[in-house]
>>> print(open('protein-v7.pdb').read())   # PDB, C-alpha atoms
ATOM      1  CA  MET T 217      99.844  75.918  99.613
ATOM      2  CA  ALA T 218     103.407  74.566  99.666
ATOM      3  CA  ARG T 219     106.107  76.404  97.742
ATOM      4  CA  TYR T 220     109.827  77.130  97.851
ATOM      5  CA  ARG T 221     110.544  79.908 100.375
ATOM      6  CA  GLY T 222     114.353  79.940 100.348
ATOM      7  CA  PRO T 223     116.717  82.630  98.954
ATOM      8  CA  ARG T 224     116.064  83.072  95.219
ATOM      9  CA  PHE T 225     119.432  84.479  94.120
ATOM     10  CA  LYS T 226     121.330  81.681  95.867
ATOM     11  CA  GLN T 227     119.091  79.158  94.107
ATOM     12  CA  CYS T 228     119.840  80.803  90.730
ATOM     13  CA  ARG T 229     123.605  80.704  91.345
ATOM     14  CA  ARG T 230     123.477  77.067  92.441
ATOM     15  CA  LEU T 231     121.522  76.010  89.341
ATOM     16  CA  GLY T 232     123.570  78.210  86.988
ATOM     17  CA  VAL T 233     120.550  79.917  85.340
ATOM     18  CA  ASN T 234     118.325  82.856  86.214
ATOM     19  CA  VAL T 235     115.193  80.940  87.224
ATOM     20  CA  CYS T 236     113.560  83.848  89.086
ATOM     21  CA  GLY T 237     113.785  86.398  86.248
ATOM     22  CA  HIS T 238     115.407  89.146  88.357
ATOM     23  CA  PRO T 239     118.027  91.159  86.403
ATOM     24  CA  LYS T 240     120.545  91.040  89.291
ATOM     25  CA  ALA T 241     120.123  87.356  90.169
ATOM     26  CA  MET T 242     123.318  86.177  88.446
ATOM     27  CA  ASP T 243     125.589  89.135  89.364
ATOM     28  CA  ARG T 244     127.829  87.052  91.645
ATOM     29  CA  ALA T 245     127.609  83.825  89.636
ATOM     30  CA  GLY T 246     131.083  84.305  88.099
ATOM     31  CA  SER T 247     132.758  84.444  91.527
ATOM     32  CA  ALA T 248     135.415  81.780  92.228
ATOM     33  CA  SER T 249     133.514  80.710  95.357
ATOM     34  CA  PHE T 250     130.686  79.354  93.157
ATOM     35  CA  ALA T 251     132.973  77.422  90.768
ATOM     36  CA  ARG T 252     132.379  73.678  90.575
ATOM     37  CA  ARG T 253     135.221  71.681  92.097
ATOM     38  CA  LYS T 254     134.396  68.228  90.695
ATOM     39  CA  LYS T 255     133.161  66.920  87.376
ATOM     40  CA  PRO T 256     129.395  66.278  87.758
ATOM     41  CA  THR T 257     128.139  62.703  87.465
ATOM     42  CA  ASP T 258     125.281  61.701  85.144
ATOM     43  CA  TYR T 259     122.924  61.563  88.121
ATOM     44  CA  SER T 260     124.055  65.025  89.252
ATOM     45  CA  ARG T 261     123.352  66.531  85.803
ATOM     46  CA  GLN T 262     119.913  64.887  85.632
ATOM     47  CA  LEU T 263     119.054  66.082  89.155
ATOM     48  CA  THR T 264     120.182  69.660  88.371
ATOM     49  CA  GLU T 265     117.990  69.826  85.234
ATOM     50  CA  LYS T 266     115.004  68.555  87.224
ATOM     51  CA  GLN T 267     115.658  71.162  89.948
ATOM     52  CA  LYS T 268     115.847  73.892  87.284
ATOM     53  CA  LEU T 269     112.432  72.902  85.917
ATOM     54  CA  LYS T 270     110.929  72.923  89.419
ATOM     55  CA  ALA T 271     112.424  76.363  90.099
ATOM     56  CA  TYR T 272     111.317  77.912  86.786
ATOM     57  CA  TYR T 273     107.660  77.000  87.361
ATOM     58  CA  GLY T 274     107.563  77.123  91.166
ATOM     59  CA  VAL T 275     106.313  73.550  91.558
ATOM     60  CA  LEU T 276     107.341  70.956  94.115
ATOM     61  CA  GLU T 277     108.456  67.363  93.617
ATOM     62  CA  LYS T 278     105.066  65.654  93.876
ATOM     63  CA  GLN T 279     103.466  68.055  91.389
ATOM     64  CA  LEU T 280     106.314  67.704  88.889
ATOM     65  CA  HIS T 281     106.142  63.916  89.084
ATOM     66  CA  ARG T 282     102.397  64.054  88.307
ATOM     67  CA  TYR T 283     103.110  66.243  85.259
ATOM     68  CA  PHE T 284     105.741  63.721  84.144
ATOM     69  CA  GLU T 285     103.290  60.808  84.448
ATOM     70  CA  LYS T 286     100.770  62.702  82.279
ATOM     71  CA  ALA T 287     103.501  63.538  79.749
ATOM     72  CA  LEU T 288     104.369  59.823  79.466
ATOM     73  CA  LYS T 289     100.850  59.145  78.161
ATOM     74  CA  SER T 290     101.061  61.957  75.601
ATOM     75  CA  SER T 291     101.490  61.238  71.903
ATOM     76  CA  MET T 292     104.317  63.787  71.592
ATOM     77  CA  ASN T 293     107.889  63.629  72.900
ATOM     78  CA  THR T 294     107.758  63.157  76.706
ATOM     79  CA  GLY T 295     110.158  66.023  77.483
ATOM     80  CA  ASP T 296     108.302  68.438  75.194
ATOM     81  CA  ALA T 297     104.905  67.398  76.597
ATOM     82  CA  LEU T 298     106.180  67.929  80.161
ATOM     83  CA  VAL T 299     107.439  71.483  79.539
ATOM     84  CA  ILE T 300     104.388  72.456  77.429
ATOM     85  CA  SER T 301     101.965  71.316  80.159
ATOM     86  CA  LEU T 302     103.911  73.345  82.753
ATOM     87  CA  GLU T 303     103.856  76.358  80.416
ATOM     88  CA  ARG T 304     100.045  76.144  80.263
ATOM     89  CA  ARG T 305      99.659  76.588  84.046
ATOM     90  CA  LEU T 306      97.583  79.653  84.920
ATOM     91  CA  ASP T 307     100.182  81.192  87.265
ATOM     92  CA  ASN T 308     102.816  80.850  84.543
ATOM     93  CA  ALA T 309     100.492  82.417  81.941
ATOM     94  CA  VAL T 310      99.871  85.383  84.270
ATOM     95  CA  TYR T 311     103.658  85.806  84.563
ATOM     96  CA  ARG T 312     104.312  85.454  80.814
ATOM     97  CA  ILE T 313     101.528  87.908  79.877
ATOM     98  CA  GLY T 314     103.032  90.454  82.277
ATOM     99  CA  PHE T 315     100.547  90.856  85.142
ATOM    100  CA  GLY T 316     103.300  89.906  87.588
ATOM    101  CA  ASN T 317     107.040  90.534  87.363
ATOM    102  CA  SER T 318     107.864  87.160  88.950
ATOM    103  CA  ILE T 319     106.294  83.719  89.122
ATOM    104  CA  ARG T 320     105.751  84.284  92.870
ATOM    105  CA  LEU T 321     103.748  87.473  92.320
ATOM    106  CA  ALA T 322     101.800  85.801  89.497
ATOM    107  CA  ARG T 323     100.847  82.923  91.787
ATOM    108  CA  GLN T 324      99.750  85.362  94.482
ATOM    109  CA  LEU T 325      97.578  87.260  91.972
ATOM    110  CA  VAL T 326      95.827  84.015  91.022
ATOM    111  CA  SER T 327      95.346  82.650  94.535
ATOM    112  CA  HIS T 328      94.024  86.018  95.813
ATOM    113  CA  GLY T 329      91.317  86.074  93.130
ATOM    114  CA  HIS T 330      92.569  88.950  90.926
ATOM    115  CA  ILE T 331      92.508  86.870  87.707
ATOM    116  CA  LEU T 332      89.606  85.859  85.453
ATOM    117  CA  VAL T 333      89.703  83.111  82.821
ATOM    118  CA  ASN T 334      87.058  83.601  80.123
ATOM    119  CA  GLY T 335      85.268  86.045  82.447
ATOM    120  CA  LYS T 336      85.141  83.685  85.461
ATOM    121  CA  LYS T 337      87.277  83.902  88.584
ATOM    122  CA  VAL T 338      89.845  81.123  88.833
ATOM    123  CA  ASP T 339      92.040  81.007  91.950
ATOM    124  CA  ILE T 340      93.877  77.737  91.273
ATOM    125  CA  PRO T 341      97.486  78.412  90.146
ATOM    126  CA  SER T 342      97.839  74.970  88.526
ATOM    127  CA  TYR T 343      94.726  75.454  86.342
ATOM    128  CA  GLN T 344      95.565  74.298  82.779
ATOM    129  CA  LEU T 345      94.752  76.793  80.032
ATOM    130  CA  ASN T 346      93.324  75.589  76.729
ATOM    131  CA  VAL T 347      93.848  77.213  73.346
ATOM    132  CA  GLY T 348      91.569  80.255  73.048
ATOM    133  CA  ASP T 349      91.339  80.918  76.799
ATOM    134  CA  VAL T 350      91.458  84.626  77.713
ATOM    135  CA  VAL T 351      93.187  85.616  80.961
ATOM    136  CA  THR T 352      92.052  89.007  82.320
ATOM    137  CA  LEU T 353      92.889  91.155  85.332
ATOM    138  CA  LYS T 354      89.743  91.822  87.388
ATOM    139  CA  GLU T 355      88.156  95.246  86.772
ATOM    140  CA  LYS T 356      88.589  96.245  90.420
ATOM    141  CA  SER T 357      92.267  95.202  90.442
ATOM    142  CA  ARG T 358      93.145  97.398  87.445
ATOM    143  CA  ASN T 359      93.134 100.460  89.729
ATOM    144  CA  ASN T 360      96.019  99.015  91.764
ATOM    145  CA  GLU T 361      99.116 101.005  90.745
ATOM    146  CA  HIS T 362     101.501  98.068  91.236
ATOM    147  CA  PHE T 363      99.492  95.725  88.998
ATOM    148  CA  LYS T 364      99.043  98.472  86.404
ATOM    149  CA  GLU T 365     102.769  99.256  86.382
ATOM    150  CA  CYS T 366     103.665  95.565  86.038
ATOM    151  CA  PHE T 367     101.375  95.134  83.048
ATOM    152  CA  LEU T 368     101.945  98.437  81.242
ATOM    153  CA  GLY T 369     105.387  99.494  82.470
ATOM    154  CA  HIS T 370     107.495  96.343  82.227
ATOM    155  CA  PRO T 371     108.199  94.618  78.921
ATOM    156  CA  ALA T 372     106.458  91.235  78.728
ATOM    157  CA  PHE T 373     107.956  88.099  77.214
ATOM    158  CA  ASN T 374     106.316  88.774  73.798
ATOM    159  CA  LEU T 375     105.883  85.077  73.123
ATOM    160  CA  PRO T 376     104.191  84.064  69.845
ATOM    161  CA  TYR T 377     101.601  81.857  71.567
ATOM    162  CA  PHE T 378     100.331  84.592  73.937
ATOM    163  CA  GLU T 379      98.485  87.637  72.588
ATOM    164  CA  ARG T 380      98.376  90.690  74.868
ATOM    165  CA  ASN T 381      95.629  93.316  74.842
ATOM    166  CA  THR T 382      96.750  96.341  76.876
ATOM    167  CA  ASP T 383      93.368  98.113  76.531
ATOM    168  CA  GLU T 384      91.447  95.194  78.024
ATOM    169  CA  PHE T 385      94.189  94.172  80.505
ATOM    170  CA  SER T 386      94.080  90.677  79.072
ATOM    171  CA  GLY T 387      96.094  87.998  77.331
ATOM    172  CA  LYS T 388      95.031  85.048  75.213
ATOM    173  CA  LEU T 389      96.607  81.636  74.587
ATOM    174  CA  THR T 390      96.360  81.597  70.791
ATOM    175  CA  ARG T 391      97.937  78.172  70.230
ATOM    176  CA  LEU T 392      99.972  75.504  71.983
ATOM    177  CA  PRO T 393     103.626  76.537  72.314
ATOM    178  CA  GLU T 394     106.434  74.681  70.591
ATOM    179  CA  ARG T 395     109.292  73.558  72.827
ATOM    180  CA  ASN T 396     111.882  75.811  71.141
ATOM    181  CA  GLU T 397     109.693  78.891  71.831
ATOM    182  CA  ILE T 398     109.492  78.352  75.603
ATOM    183  CA  PRO T 399     112.087  80.516  77.403
ATOM    184  CA  VAL T 400     113.427  77.954  79.889
ATOM    185  CA  GLN T 401     117.049  76.775  79.755
ATOM    186  CA  VAL T 402     116.457  73.147  80.664
ATOM    187  CA  ASN T 403     117.573  69.918  79.005
ATOM    188  CA  ASP T 404     114.227  68.154  79.374
ATOM    189  CA  GLN T 405     115.673  64.876  78.074
ATOM    190  CA  LEU T 406     117.777  64.647  81.249
ATOM    191  CA  VAL T 407     114.631  65.230  83.337
ATOM    192  CA  VAL T 408     112.952  62.328  81.517
ATOM    193  CA  GLU T 409     116.038  60.168  82.164
ATOM    194  CA  PHE T 410     115.953  61.116  85.864
ATOM    195  CA  TYR T 411     112.337  59.962  86.263
ATOM    196  CA  SER T 412     112.860  56.877  84.068
ATOM    197  CA  ARG T 413     115.602  55.433  86.306
TER     198      ARG T 413
END
>>> encode(input="protein-v7.pdb", output="structure tokens")
Amino acid sequence: MARYRGPRFKQCRRLGVNVCGHPKAMDRAGSASFARRKKPTDYSRQLTEKQKLKAYYGVLEKQLHRYFEKALKSSMNTGDALVISLERRLDNAVYRIGFGNSIRLARQLVSHGHILVNGKKVDIPSYQLNVGDVVTLKEKSRNNEHFKECFLGHPAFNLPYFERNTDEFSGKLTRLPERNEIPVQVNDQLVVEFYSR
């Protein structure tokens, strides 16, 4: 499975936002060595927004382009449809609910078979959740101290469209998210412009 393997903090500083979710990722971002020397062009701004979206969700170019093509056919705003479909990915849901403290760990949990969707094992990170789907940590995996600490010890995103159940080690997609509720700092209109060139 292809994914970005480069340095995460450097990627965050280059993009100007904390895409990996680590509290120390942007510590050196204010340094003069990372200041922009030239005014960015329109293409540069569009490219940066697209790179941010890829980094937030851990997808590569081909995958993102497929999501964009699906979003074009949607009845809602193309930018909103693109971000909402990425938000409904299973690996992202595992991260948002709090089973993993990063999108990388969440993807690993899914691909290693620790996650159930509606009681059935799903090991495809790009699996699209539907409203009402319940994501659960496997019974056997609940004994793992690291997974338990991630879910119970770290504060989750507390998003209005995900409902957490700490007793059952589960989370439920209660409704489709609205674009303004999704915690990604991306100008999706520029992403649409980039792909519409």
>>> atom_distance(input="protein-v7.pdb", atom1="CA of Arg391 (chain T)", atom2="CA of Pro376 (chain T)")
8.6 Å
>>> resolve_selection(input="protein-v7.pdb", expression="the PyMOL selection byres ((chain T and resi 393) around 10)", output="ChimeraX atom specification")
/T:296,299-301,303-304,347,375-378,389-392,394-398
>>> resolve_selection(input="protein-v7.pdb", expression="the PyMOL selection byres ((chain T and resi 350) around 8)", output="PyMOL selection string")
chain T and resi 333-335+348-349+351-352+386-389
>>> atom_distance(input="protein-v7.pdb", atom1="CA of Asn308 (chain T)", atom2="CA of Val402 (chain T)")
16.1 Å
>>> atom_distance(input="protein-v7.pdb", atom1="CA of Val233 (chain T)", atom2="CA of Val400 (chain T)")
9.2 Å
>>> resolve_selection(input="protein-v7.pdb", expression="the PyMOL selection byres ((chain T and resi 409) around 10)", output="PDB file with C-alpha atoms, in the coordinates of the input")
ATOM      1  CA  ASP T 258     125.281  61.701  85.144  1.00  0.00           C
ATOM      2  CA  TYR T 259     122.924  61.563  88.121  1.00  0.00           C
ATOM      3  CA  GLN T 262     119.913  64.887  85.632  1.00  0.00           C
ATOM      4  CA  LEU T 263     119.054  66.082  89.155  1.00  0.00           C
ATOM      5  CA  LYS T 266     115.004  68.555  87.224  1.00  0.00           C
ATOM      6  CA  GLY T 295     110.158  66.023  77.483  1.00  0.00           C
ATOM      7  CA  ASP T 404     114.227  68.154  79.374  1.00  0.00           C
ATOM      8  CA  GLN T 405     115.673  64.876  78.074  1.00  0.00           C
ATOM      9  CA  LEU T 406     117.777  64.647  81.249  1.00  0.00           C
ATOM     10  CA  VAL T 407     114.631  65.230  83.337  1.00  0.00           C
ATOM     11  CA  VAL T 408     112.952  62.328  81.517  1.00  0.00           C
ATOM     12  CA  PHE T 410     115.953  61.116  85.864  1.00  0.00           C
ATOM     13  CA  TYR T 411     112.337  59.962  86.263  1.00  0.00           C
ATOM     14  CA  SER T 412     112.860  56.877  84.068  1.00  0.00           C
ATOM     15  CA  ARG T 413     115.602  55.433  86.306  1.00  0.00           C
TER      16      ARG T 413
END
>>> closest_residue(input="protein-v7.pdb", among="T:Asn381, T:Ser357, T:Ser291, T:Gln324", to="Leu306 (chain T)", atoms="only C-alpha atoms")
T:Gln324
>>> residues_around(input="protein-v7.pdb", residues="Lys337 (chain T)", least_positions_apart="4", cutoff="10 Å", atoms="all atoms listed in the file", output="VMD selection string")
chain T and resid 326 329 to 333 351 to 354
>>> axis_aligned_box(input="protein-v7.pdb", around="region 387-391 of chain T", padding_each_side="6 Å", output="lines of an AutoDock Vina configuration file")
center_x = 96.5
center_y = 83.1
center_z = 73.8
size_x = 14.9
size_y = 21.8
size_z = 19.1
>>> closest_residue(input="protein-v7.pdb", among="T:Val338, T:Ala287, T:Tyr343, T:Phe373", to="Tyr311 (chain T)", atoms="only C-alpha atoms")
T:Phe373
>>> residues_around(input="protein-v7.pdb", residues="Leu302 (chain T)", least_positions_apart="4", cutoff="10 Å", atoms="only C-alpha atoms", output="list in words")
Leu269, Lys270, Tyr272, Tyr273, Gly274, Val275, Leu280, Tyr283, Phe284, Ala297, Leu298, Leu306, Asp307, Asn308, Ala309, Ser342 and Gln344 of chain T
